Every structure is written in C-alpha cells, then in structure tokens.
file structure35.cif (mmCIF, C-alpha atoms and all ligand atoms)
data_entry
#
loop_
_atom_site.label_atom_id
_atom_site.label_comp_id
_atom_site.auth_asym_id
_atom_site.auth_seq_id
_atom_site.Cartn_x
_atom_site.Cartn_y
_atom_site.Cartn_z
CA MET U 593 0.00 0.00 0.00
CA ALA U 594 1.34 3.43 -0.92
CA GLN U 595 2.38 5.45 2.08
CA LYS U 596 0.46 8.64 2.71
CA PRO U 597 2.45 11.78 1.90
CA LEU U 598 3.62 13.98 4.73
CA ARG U 599 1.27 16.80 5.75
CA LEU U 600 2.47 20.16 6.99
CA ILE U 601 0.18 22.63 8.74
CA ILE U 602 1.24 26.19 8.02
CA GLY U 603 -0.06 29.69 8.76
CA GLY U 604 -0.53 32.80 6.63
CA LYS U 605 2.43 33.03 4.31
CA TRP U 606 2.95 36.76 4.68
CA SER U 607 3.57 36.63 8.44
CA SER U 608 4.13 33.13 9.76
CA THR U 609 7.88 32.92 10.32
CA TRP U 610 8.00 29.49 11.94
CA THR U 611 5.79 27.81 9.39
CA MET U 612 7.86 29.40 6.61
CA ARG U 613 10.91 27.69 8.14
CA GLY U 614 9.06 24.37 8.48
CA TRP U 615 7.87 24.57 4.89
CA LEU U 616 11.40 25.30 3.68
CA ALA U 617 12.63 22.28 5.66
CA VAL U 618 10.17 19.99 3.87
CA MET U 619 11.09 21.49 0.49
CA LEU U 620 14.79 20.90 1.30
CA SER U 621 14.07 17.28 2.23
CA GLY U 622 12.80 16.63 -1.30
CA LEU U 623 10.00 14.44 0.15
CA PRO U 624 6.47 14.71 -1.24
CA PHE U 625 4.10 16.56 1.06
CA GLU U 626 0.78 18.32 1.23
CA GLU U 627 0.38 21.69 2.87
CA GLU U 628 -2.67 22.78 4.79
CA THR U 629 -3.24 26.38 5.86
CA LEU U 630 -4.55 27.32 9.29
CA PHE U 631 -4.90 31.10 9.55
CA LEU U 632 -4.17 32.12 13.13
CA SER U 633 -6.44 35.16 13.49
CA ARG U 634 -9.84 33.65 12.74
CA PRO U 635 -12.51 33.13 15.40
CA ASP U 636 -12.05 29.34 15.25
CA SER U 637 -8.23 29.40 15.05
CA LYS U 638 -7.55 28.43 18.68
CA ALA U 639 -9.96 25.49 18.49
CA ARG U 640 -8.47 24.28 15.20
CA LEU U 641 -4.95 24.67 16.59
CA ALA U 642 -5.87 22.60 19.63
CA GLU U 643 -7.15 19.85 17.33
CA VAL U 644 -4.00 19.59 15.23
CA SER U 645 -1.16 20.60 17.52
CA PRO U 646 -0.34 19.33 21.01
CA THR U 647 1.58 22.56 21.71
CA GLY U 648 -1.05 24.85 20.21
CA ARG U 649 1.61 26.08 17.79
CA ILE U 650 2.40 25.53 14.15
CA PRO U 651 4.11 24.26 12.06
CA VAL U 652 3.06 20.67 12.68
CA LEU U 653 4.38 17.87 10.49
CA ILE U 654 2.07 14.89 10.29
CA ASP U 655 3.51 11.56 9.17
CA GLY U 656 0.79 8.94 9.58
CA ALA U 657 0.18 8.66 13.32
CA VAL U 658 3.23 10.79 14.15
CA ARG U 659 2.92 14.51 14.86
CA ILE U 660 6.06 16.60 15.12
CA THR U 661 5.91 20.17 16.38
CA ASP U 662 8.71 22.72 16.53
CA THR U 663 10.68 23.67 13.46
CA LEU U 664 14.02 22.34 14.65
CA ALA U 665 12.49 18.97 15.56
CA ILE U 666 10.75 18.90 12.17
CA ALA U 667 14.03 19.59 10.35
CA GLU U 668 15.80 16.83 12.31
CA TYR U 669 12.97 14.34 11.68
CA LEU U 670 13.10 15.09 7.96
CA TRP U 671 16.89 14.79 7.97
CA GLU U 672 16.59 11.28 9.38
CA LEU U 673 14.10 10.40 6.65
CA ALA U 674 16.27 12.01 3.96
CA PRO U 675 19.89 12.12 5.22
CA HIS U 676 21.33 12.92 1.82
CA SER U 677 19.05 15.87 1.26
CA ALA U 678 20.07 19.52 1.41
CA ILE U 679 18.65 20.09 4.91
CA TRP U 680 22.11 20.07 6.48
CA PRO U 681 25.59 20.18 4.90
CA GLN U 682 27.12 16.73 4.35
CA ASP U 683 30.39 17.71 6.03
CA ARG U 684 30.20 16.90 9.76
CA LEU U 685 31.85 20.09 11.01
CA ALA U 686 29.85 22.28 8.64
CA ARG U 687 26.71 20.48 9.81
CA ALA U 688 27.60 21.18 13.45
CA ALA U 689 28.07 24.87 12.59
CA ALA U 690 24.75 24.90 10.70
CA ARG U 691 22.96 23.36 13.68
CA MET U 692 24.63 25.86 16.00
CA VAL U 693 23.51 28.99 14.11
CA SER U 694 20.04 27.49 13.56
CA ALA U 695 19.69 26.88 17.29
CA GLU U 696 20.81 30.45 17.99
CA MET U 697 18.16 31.77 15.61
CA HIS U 698 15.60 29.52 17.25
CA ALA U 699 16.35 30.63 20.81
CA HIS U 700 17.51 34.24 20.56
CA PHE U 701 16.71 37.58 18.90
CA ASN U 702 13.47 38.19 20.78
CA ASP U 703 13.87 41.97 20.73
CA VAL U 704 14.10 42.20 16.97
CA ARG U 705 11.21 39.75 16.60
CA ALA U 706 8.99 41.88 18.80
CA ALA U 707 9.96 45.24 17.28
CA LEU U 708 10.04 44.20 13.62
CA PRO U 709 7.41 41.50 13.01
CA MET U 710 7.77 39.72 9.69
CA ASN U 711 5.38 40.90 7.03
CA LEU U 712 6.37 39.89 3.53
CA ILE U 713 3.83 42.25 1.97
CA LYS U 714 4.65 45.39 3.92
CA ARG U 715 7.38 47.84 2.87
CA TRP U 716 8.71 50.63 5.03
CA PRO U 717 10.64 52.57 2.41
CA ILE U 718 13.08 55.22 3.55
CA ARG U 719 13.89 58.18 1.34
CA ASP U 720 16.17 60.95 2.64
CA GLY U 721 15.72 59.50 6.13
CA LEU U 722 11.91 59.77 5.99
CA PRO U 723 9.71 58.27 7.23
CA SER U 724 12.00 56.99 9.94
CA THR U 725 12.36 53.54 11.44
CA VAL U 726 14.59 54.98 14.17
CA LYS U 727 11.94 54.53 16.87
CA LEU U 728 11.70 50.84 16.06
CA LEU U 729 15.43 50.30 15.71
CA ASP U 730 16.15 52.16 18.95
CA ARG U 731 13.92 49.94 21.05
CA PRO U 732 15.98 48.13 23.70
CA GLY U 733 18.06 45.31 22.29
CA VAL U 734 17.09 45.74 18.64
CA ARG U 735 20.35 47.17 17.29
CA ALA U 736 22.36 44.61 19.30
CA ASP U 737 20.27 41.76 17.84
CA ILE U 738 20.75 43.13 14.33
CA ALA U 739 24.51 43.43 14.86
CA ARG U 740 24.65 39.84 16.10
CA VAL U 741 22.67 38.56 13.11
CA GLU U 742 25.07 40.38 10.77
CA ALA U 743 28.05 38.90 12.65
CA VAL U 744 26.63 35.37 12.41
CA TRP U 745 26.09 35.73 8.67
CA ARG U 746 29.56 37.28 8.14
CA GLU U 747 31.48 34.76 10.28
CA THR U 748 29.62 31.75 8.91
CA ARG U 749 30.10 32.84 5.32
CA LYS U 750 33.79 33.60 5.96
CA THR U 751 34.39 30.11 7.39
CA TRP U 752 32.03 28.01 5.27
CA GLY U 753 30.57 30.10 2.50
CA ALA U 754 33.28 30.08 -0.20
CA GLY U 755 31.89 28.91 -3.51
CA GLY U 756 28.36 30.27 -3.23
CA PRO U 757 26.10 33.00 -1.90
CA TYR U 758 24.58 31.08 1.03
CA LEU U 759 25.81 30.56 4.60
CA PHE U 760 27.44 27.24 3.72
CA GLY U 761 28.38 28.03 0.12
CA ALA U 762 26.58 26.98 -3.02
CA GLU U 763 23.84 25.00 -1.35
CA PHE U 764 20.96 26.67 0.52
CA CYS U 765 20.40 24.63 3.70
CA PHE U 766 18.14 24.72 6.74
CA ALA U 767 20.40 27.32 8.43
CA ASP U 768 19.54 29.72 5.56
CA ALA U 769 15.88 28.76 5.96
CA MET U 770 16.06 29.66 9.66
CA PHE U 771 17.39 33.12 8.77
CA ALA U 772 15.12 33.80 5.77
CA PRO U 773 12.40 35.52 7.87
CA MET U 774 15.13 37.68 9.43
CA ALA U 775 16.47 38.60 5.98
CA SER U 776 12.95 39.64 4.98
CA ARG U 777 12.68 41.94 8.01
CA PHE U 778 15.87 43.72 6.97
CA VAL U 779 14.15 44.57 3.65
CA THR U 780 10.69 45.34 5.04
CA TYR U 781 12.00 47.81 7.62
CA SER U 782 14.87 49.26 5.53
CA VAL U 783 17.44 48.16 8.12
CA PRO U 784 20.78 49.82 7.25
CA MET U 785 23.07 47.01 6.05
CA ALA U 786 26.75 46.50 5.23
CA ALA U 787 27.37 45.46 1.60
CA ASP U 788 28.06 41.81 2.48
CA THR U 789 24.84 41.64 4.52
CA ALA U 790 22.86 43.11 1.64
CA ASP U 791 24.35 40.50 -0.72
CA TYR U 792 23.36 37.66 1.59
CA VAL U 793 19.85 39.04 2.13
CA GLU U 794 19.38 39.30 -1.63
CA ALA U 795 20.62 35.74 -2.25
CA CYS U 796 18.54 34.28 0.58
CA LEU U 797 15.29 35.96 -0.45
CA HIS U 798 15.76 35.00 -4.11
CA HIS U 799 16.46 31.32 -3.53
CA PRO U 800 13.77 29.52 -5.60
CA TYR U 801 12.06 27.97 -2.52
CA VAL U 802 11.99 31.28 -0.65
CA ALA U 803 10.75 33.02 -3.80
CA GLN U 804 8.01 30.38 -4.10
CA TRP U 805 6.87 30.99 -0.51
CA ARG U 806 6.95 34.77 -1.09
CA ALA U 807 4.85 34.33 -4.23
CA GLY U 808 2.36 32.43 -2.07
CA ALA U 809 2.28 35.38 0.34
CA GLU U 810 1.57 37.75 -2.57
CA ALA U 811 -1.26 35.50 -3.77
CA GLN U 812 -2.81 35.41 -0.27
CA ALA U 813 -2.53 39.19 -0.06
CA ASP U 814 -4.41 39.51 -3.36
CA ASP U 815 -7.08 37.16 -2.03
CA ILE U 816 -7.51 38.63 1.42
CA GLY U 817 -6.80 42.27 0.55
CA ARG U 818 -3.36 43.86 0.46
CA ASP U 819 -4.28 46.69 2.86
CA LEU U 820 -5.54 44.19 5.43
CA VAL U 821 -2.51 41.94 5.12
CA ALA U 822 -0.07 44.89 5.27
CA ALA U 823 -1.75 46.14 8.45
CA PHE U 824 -0.83 43.20 10.65
CA PRO U 825 0.85 41.69 12.59
N1 LIG J 1 9.27 27.10 18.81
C1 LIG J 1 8.20 26.92 17.86
C2 LIG J 1 7.45 28.23 17.65
C3 LIG J 1 6.20 28.06 16.85
C4 LIG J 1 5.30 29.29 16.87
O1 LIG J 1 5.40 30.16 17.76
N2 LIG J 1 4.40 29.37 15.89
C5 LIG J 1 3.43 30.44 15.83
C6 LIG J 1 3.10 30.76 14.37
S1 LIG J 1 4.47 31.40 13.43
C7 LIG J 1 2.13 29.95 16.45
O2 LIG J 1 1.75 28.82 16.25
N3 LIG J 1 1.42 30.80 17.18
C8 LIG J 1 0.18 30.43 17.77
C9 LIG J 1 -0.80 31.56 17.82
O3 LIG J 1 -0.46 32.66 17.35
O4 LIG J 1 -1.91 31.35 18.31
C10 LIG J 1 8.77 26.37 16.54
O5 LIG J 1 10.00 26.42 16.36
O6 LIG J 1 8.02 25.84 15.71
#
call {"tool": "encode", "arguments": {"input": "structure35.cif", "output": "structure tokens", "more": "lines below"}}
Ligand SMILES: N[C@@H](CCC(=O)N[C@@H](CS)C(=O)NCC(=O)O)C(=O)O
result
Amino acid sequence: MAQKPLRLIIGGKWSSTWTMRGWLAVMLSGLPFEEETLFLSRPDSKARLAEVSPTGRIPVLIDGAVRITDTLAIAEYLWELAPHSAIWPQDRLARAAARMVSAEMHAHFNDVRAALPMNLIKRWPIRDGLPSTVKLLDRPGVRADIARVEAVWRETRKTWGAGGPYLFGAEFCFADAMFAPMASRFVTYSVPMAADTADYVEACLHHPYVAQWRAGAEAQADDIGRDLVAAFP
C-alpha cells in the first residue's frame, strides 16, 4: 500500500515565520508533502490549533500517526528520513556549525522579533531618512540583535561560504531557511546594512524555494486584501 504523503500545517504566508521555516525544511528534504493552511487570526483558530497541535503552535508535520511540532524537531525528523538531502551540509563540522547557528536563531533575537514582526507584503521605504524607522530600531536590544545577526552571517560565510552566496556556500540549507524571515525583516524595515549583509539578504530571499513561498504570500494578499494583510501583525 502506498504510504500517505507527509502533511504540513502552516499559517498565513505573509507573516508566519516558523511555518515558513518548516515549509522550507520539507522542500529541502525533497520528500512529497501536502500543505494545509490554518490562519491564526480567525474566530475558530484556537480550536483548530488545539485539534492539530499538542503545543497549540504551528508548524506541525504529520507523518501517519506521528505529529512533530517545533521547526528544529521537524528539520531533524526530515533529515533522518532524507539524510542525503540539502537540509544540512554533508560535512560533519559544517553540519555542526549549521545546527549551532540554527539553534541560535531559534532561541535568541526576541527583541528584533517583537519590534520588527515579519510581514512579507509590507514595505517601510526610507527616502532621505523619511519616514524613519529609528523609533523601532532604537527599542531596547534591537540594534544589538541586528549586529549579532550580521556577525553570524559574516562569520559563517567567511568560514564556510566560499563557492556560493549562502551561509554554507553553493547549497541553501536549513540554516539559511532559519534566517530567511530575518532577511525579509531587513528589507521590510529598511534596516541599514553593510554590503556583504545586503548581498546575503538578496541571495537568501531570491532562492527559488523562498521566492516560491513569497509568491504564495503575494497571492494570499491579493485574495484577502493587500491593505488588510499589510496592516498586521
Ligand atoms: N518554537 C516553535 C514556535 C512556533 C510558533 O510560535 N508558531 C506560531 C506561528 S508562526 C504559532 O503557532 N502561534 C500560535 C498563535 O499565534 O496562536 C517552533 O519552532 O516551531
């Protein structure tokens, strides 16, 4: 009997950072899957979440009777199913470094997350310094988080990135997926960037899988209404 394909529960593509990472993990695994959208701001969202997710959070990966929550756990589960996929680098030390920066992204950077929520549809353009994002960037901890993100990208690319535009070189891996929502914030909020940061942000956001997710966000915005989607979170 044919095995059922994996199912991934995701949120709204314009704003759901964790489900974007989970979706990128499944794409990187190369395994067939079906995606199912659960918008988080509808009257029945909490009830639907409780039905599908033991933690009340998404993404959730469903593999038959198995339910995996948490993006890092999902990436590791998929890696065990598809150990030769692009989820992690094949080199052991590179893989350790990729896991390390992914875990840092997973656990840290709360100030920048709170001040600059991801919204793939919204643009905060700056011309001649106006309008200003200074009030957002000057919130406690935000500039320090941004500096640390830039340092992680720079150091990782210096050590592992020769031969391609991504953190670990020519192949986009789950570490890049973990940072893709952060890269999008840098664009949305016109964060001032060094040239090497801007190059990485450009490469990350134009990777075909990231571009595909962003196209999905654009399509949802057209469906739901661009003004509505740009207004939140
Ligand atoms: N640590 C979790 C975080 C998951 C998470 O916070 N997901 C958000 C959506 S991006 C969520 O489900 N929020 C529930 C809600 O807003 O009600 C992971 O890595 O997957």
call {"tool": "closest_residue", "arguments": {"input": "structure35.cif", "among": "U:Asp720, U:Asp662, U:Asp791, U:Asp768", "to": "ligand LIG 1 (chain J)", "atoms": "all atoms listed in the file"}}
result
U:Asp662
call {"tool": "residues_around", "arguments": {"input": "structure35.cif", "residues": "Ile713 in chain U", "least_positions_apart": "3", "cutoff": "8 Å", "atoms": "all atoms listed in the file", "output": "PyMOL selection string"}}
result
chain U and resi 606+809-810+813+818+821-822
call {"tool": "atom_distance", "arguments": {"input": "structure35.cif", "atom1": "CA of Gly614 in chain U", "atom2": "CA of His798 in chain U"}}
result
17.8 Å
call {"tool": "closest_residue", "arguments": {"input": "structure35.cif", "among": "U:Glu696, U:Glu672, U:Glu627, U:Asp737", "to": "ligand LIG 1 (chain J)", "atoms": "all atoms listed in the file"}}
result
U:Glu696
call {"tool": "residues_around", "arguments": {"input": "structure35.cif", "residues": "Leu641 in chain U", "least_positions_apart": "6", "cutoff": "12 Å", "atoms": "all atoms listed in the file", "output": "PyMOL selection string"}}
result
chain U and resi 601-603+629-635+647-652+661
call {"tool": "write_last_selection", "arguments": {"input": "structure35.cif", "atoms": "C-alpha atoms", "output": "CSV table (one decimal), keeping the file's coordinate frame"}}
result
chain,number,residue,atom,x,y,z
U,601,ILE,CA,0.2,22.6,8.7
U,602,ILE,CA,1.2,26.2,8.0
U,603,GLY,CA,-0.1,29.7,8.8
U,629,THR,CA,-3.2,26.4,5.9
U,630,LEU,CA,-4.6,27.3,9.3
U,631,PHE,CA,-4.9,31.1,9.6
U,632,LEU,CA,-4.2,32.1,13.1
U,633,SER,CA,-6.4,35.2,13.5
U,634,ARG,CA,-9.8,33.6,12.7
U,635,PRO,CA,-12.5,33.1,15.4
U,647,THR,CA,1.6,22.6,21.7
U,648,GLY,CA,-1.0,24.8,20.2
U,649,ARG,CA,1.6,26.1,17.8
U,650,ILE,CA,2.4,25.5,14.2
U,651,PRO,CA,4.1,24.3,12.1
U,652,VAL,CA,3.1,20.7,12.7
U,661,THR,CA,5.9,20.2,16.4
call {"tool": "residues_around", "arguments": {"input": "structure35.cif", "residues": "Ala786 in chain U", "least_positions_apart": "5", "cutoff": "12 Å", "atoms": "only C-alpha atoms", "output": "PyMOL selection string"}}
result
chain U and resi 738-739+741-743+745-746+778+791-793
call {"tool": "residues_around", "arguments": {"input": "structure35.cif", "residues": "Leu664 in chain U", "least_positions_apart": "3", "cutoff": "10 Å", "atoms": "all atoms listed in the file", "output": "list in words"}}
result
Trp610, Arg613, Gly614, Ala617, Ile660, Thr661, Ala667, Glu668, Tyr669, Leu670, Arg691, Ser694, Ala695, His698, Phe766 and Met770 of chain U
call {"tool": "closest_residue", "arguments": {"input": "structure35.cif", "among": "U:Ala674, U:Ala762, U:Lys596, U:Pro773", "to": "ligand LIG 1 (chain J)", "atoms": "only C-alpha atoms and all ligand atoms"}}
result
U:Pro773
call {"tool": "residues_around", "arguments": {"input": "structure35.cif", "residues": "Arg659 in chain U", "least_positions_apart": "6", "cutoff": "10 Å", "atoms": "only C-alpha atoms", "output": "list in words"}}
result
Arg599, Leu600, Val644, Ser645, Pro646, Val652, Leu653 and Ile666 of chain U
call {"tool": "closest_residue", "arguments": {"input": "structure35.cif", "among": "U:Met774, U:Met612, U:Ala706, U:Ile718", "to": "ligand LIG 1 (chain J)", "atoms": "all atoms listed in the file"}}
result
U:Met612
call {"tool": "atom_distance", "arguments": {"input": "structure35.cif", "atom1": "CA of Thr780 in chain U", "atom2": "CA of Thr748 in chain U"}}
result
23.6 Å
call {"tool": "residues_near_point", "arguments": {"input": "structure35.cif", "point": "(9.8, 41.0, 17.0)", "cutoff": "12 Å", "atoms": "only C-alpha atoms", "output": "ChimeraX atom specification"}}
result
/U:607,609,700-711,728-729,731-734,737-738,773-774,777,781,825
call {"tool": "closest_residue", "arguments": {"input": "structure35.cif", "among": "U:Ala686, U:Ala772, U:Leu623, U:Val783", "to": "Gly721 in chain U", "atoms": "only C-alpha atoms"}}
result
U:Val783
call {"tool": "closest_residue", "arguments": {"input": "structure35.cif", "among": "U:Ser637, U:Leu598, U:Glu626, U:Phe760", "to": "ligand LIG 1 (chain J)", "atoms": "only C-alpha atoms and all ligand atoms"}}
result
U:Ser637
call {"tool": "atom_distance", "arguments": {"input": "structure35.cif", "atom1": "CA of Ala688 in chain U", "atom2": "CA of Pro675 in chain U"}}
result
14.5 Å
call {"tool": "decode", "arguments": {"input": "structure35.cif", "residues": "range 734-795 of chain U", "atoms": "C-alpha atoms", "output": "mmCIF file, in the first residue's frame"}}
result
data_model
loop_
_atom_site.group_PDB
_atom_site.id
_atom_site.type_symbol
_atom_site.label_atom_id
_atom_site.label_comp_id
_atom_site.auth_asym_id
_atom_site.auth_seq_id
_atom_site.Cartn_x
_atom_site.Cartn_y
_atom_site.Cartn_z
ATOM 1 C CA VAL U 734 17.092 45.735 18.642
ATOM 2 C CA ARG U 735 20.346 47.166 17.295
ATOM 3 C CA ALA U 736 22.355 44.610 19.301
ATOM 4 C CA ASP U 737 20.266 41.764 17.836
ATOM 5 C CA ILE U 738 20.748 43.129 14.329
ATOM 6 C CA ALA U 739 24.512 43.432 14.857
ATOM 7 C CA ARG U 740 24.646 39.835 16.105
ATOM 8 C CA VAL U 741 22.665 38.565 13.111
ATOM 9 C CA GLU U 742 25.071 40.381 10.770
ATOM 10 C CA ALA U 743 28.050 38.905 12.654
ATOM 11 C CA VAL U 744 26.629 35.368 12.414
ATOM 12 C CA TRP U 745 26.094 35.728 8.666
ATOM 13 C CA ARG U 746 29.556 37.280 8.139
ATOM 14 C CA GLU U 747 31.479 34.762 10.279
ATOM 15 C CA THR U 748 29.619 31.748 8.909
ATOM 16 C CA ARG U 749 30.102 32.844 5.323
ATOM 17 C CA LYS U 750 33.793 33.596 5.960
ATOM 18 C CA THR U 751 34.388 30.109 7.391
ATOM 19 C CA TRP U 752 32.033 28.006 5.272
ATOM 20 C CA GLY U 753 30.572 30.105 2.496
ATOM 21 C CA ALA U 754 33.278 30.081 -0.201
ATOM 22 C CA GLY U 755 31.892 28.906 -3.513
ATOM 23 C CA GLY U 756 28.362 30.265 -3.227
ATOM 24 C CA PRO U 757 26.102 33.005 -1.899
ATOM 25 C CA TYR U 758 24.580 31.076 1.031
ATOM 26 C CA LEU U 759 25.813 30.557 4.603
ATOM 27 C CA PHE U 760 27.439 27.238 3.720
ATOM 28 C CA GLY U 761 28.381 28.030 0.124
ATOM 29 C CA ALA U 762 26.584 26.982 -3.018
ATOM 30 C CA GLU U 763 23.838 24.998 -1.345
ATOM 31 C CA PHE U 764 20.957 26.668 0.524
ATOM 32 C CA CYS U 765 20.398 24.629 3.695
ATOM 33 C CA PHE U 766 18.136 24.722 6.737
ATOM 34 C CA ALA U 767 20.396 27.318 8.426
ATOM 35 C CA ASP U 768 19.542 29.717 5.565
ATOM 36 C CA ALA U 769 15.881 28.757 5.958
ATOM 37 C CA MET U 770 16.057 29.658 9.655
ATOM 38 C CA PHE U 771 17.386 33.116 8.774
ATOM 39 C CA ALA U 772 15.120 33.799 5.770
ATOM 40 C CA PRO U 773 12.401 35.522 7.872
ATOM 41 C CA MET U 774 15.130 37.676 9.429
ATOM 42 C CA ALA U 775 16.472 38.599 5.978
ATOM 43 C CA SER U 776 12.953 39.642 4.975
ATOM 44 C CA ARG U 777 12.677 41.942 8.010
ATOM 45 C CA PHE U 778 15.869 43.721 6.965
ATOM 46 C CA VAL U 779 14.152 44.574 3.646
ATOM 47 C CA THR U 780 10.689 45.336 5.038
ATOM 48 C CA TYR U 781 12.004 47.808 7.621
ATOM 49 C CA SER U 782 14.873 49.259 5.535
ATOM 50 C CA VAL U 783 17.443 48.157 8.116
ATOM 51 C CA PRO U 784 20.779 49.815 7.251
ATOM 52 C CA MET U 785 23.070 47.010 6.046
ATOM 53 C CA ALA U 786 26.746 46.501 5.226
ATOM 54 C CA ALA U 787 27.373 45.457 1.597
ATOM 55 C CA ASP U 788 28.061 41.807 2.478
ATOM 56 C CA THR U 789 24.842 41.640 4.524
ATOM 57 C CA ALA U 790 22.855 43.111 1.638
ATOM 58 C CA ASP U 791 24.352 40.504 -0.723
ATOM 59 C CA TYR U 792 23.361 37.664 1.593
ATOM 60 C CA VAL U 793 19.847 39.043 2.128
ATOM 61 C CA GLU U 794 19.381 39.303 -1.634
ATOM 62 C CA ALA U 795 20.620 35.742 -2.246
#
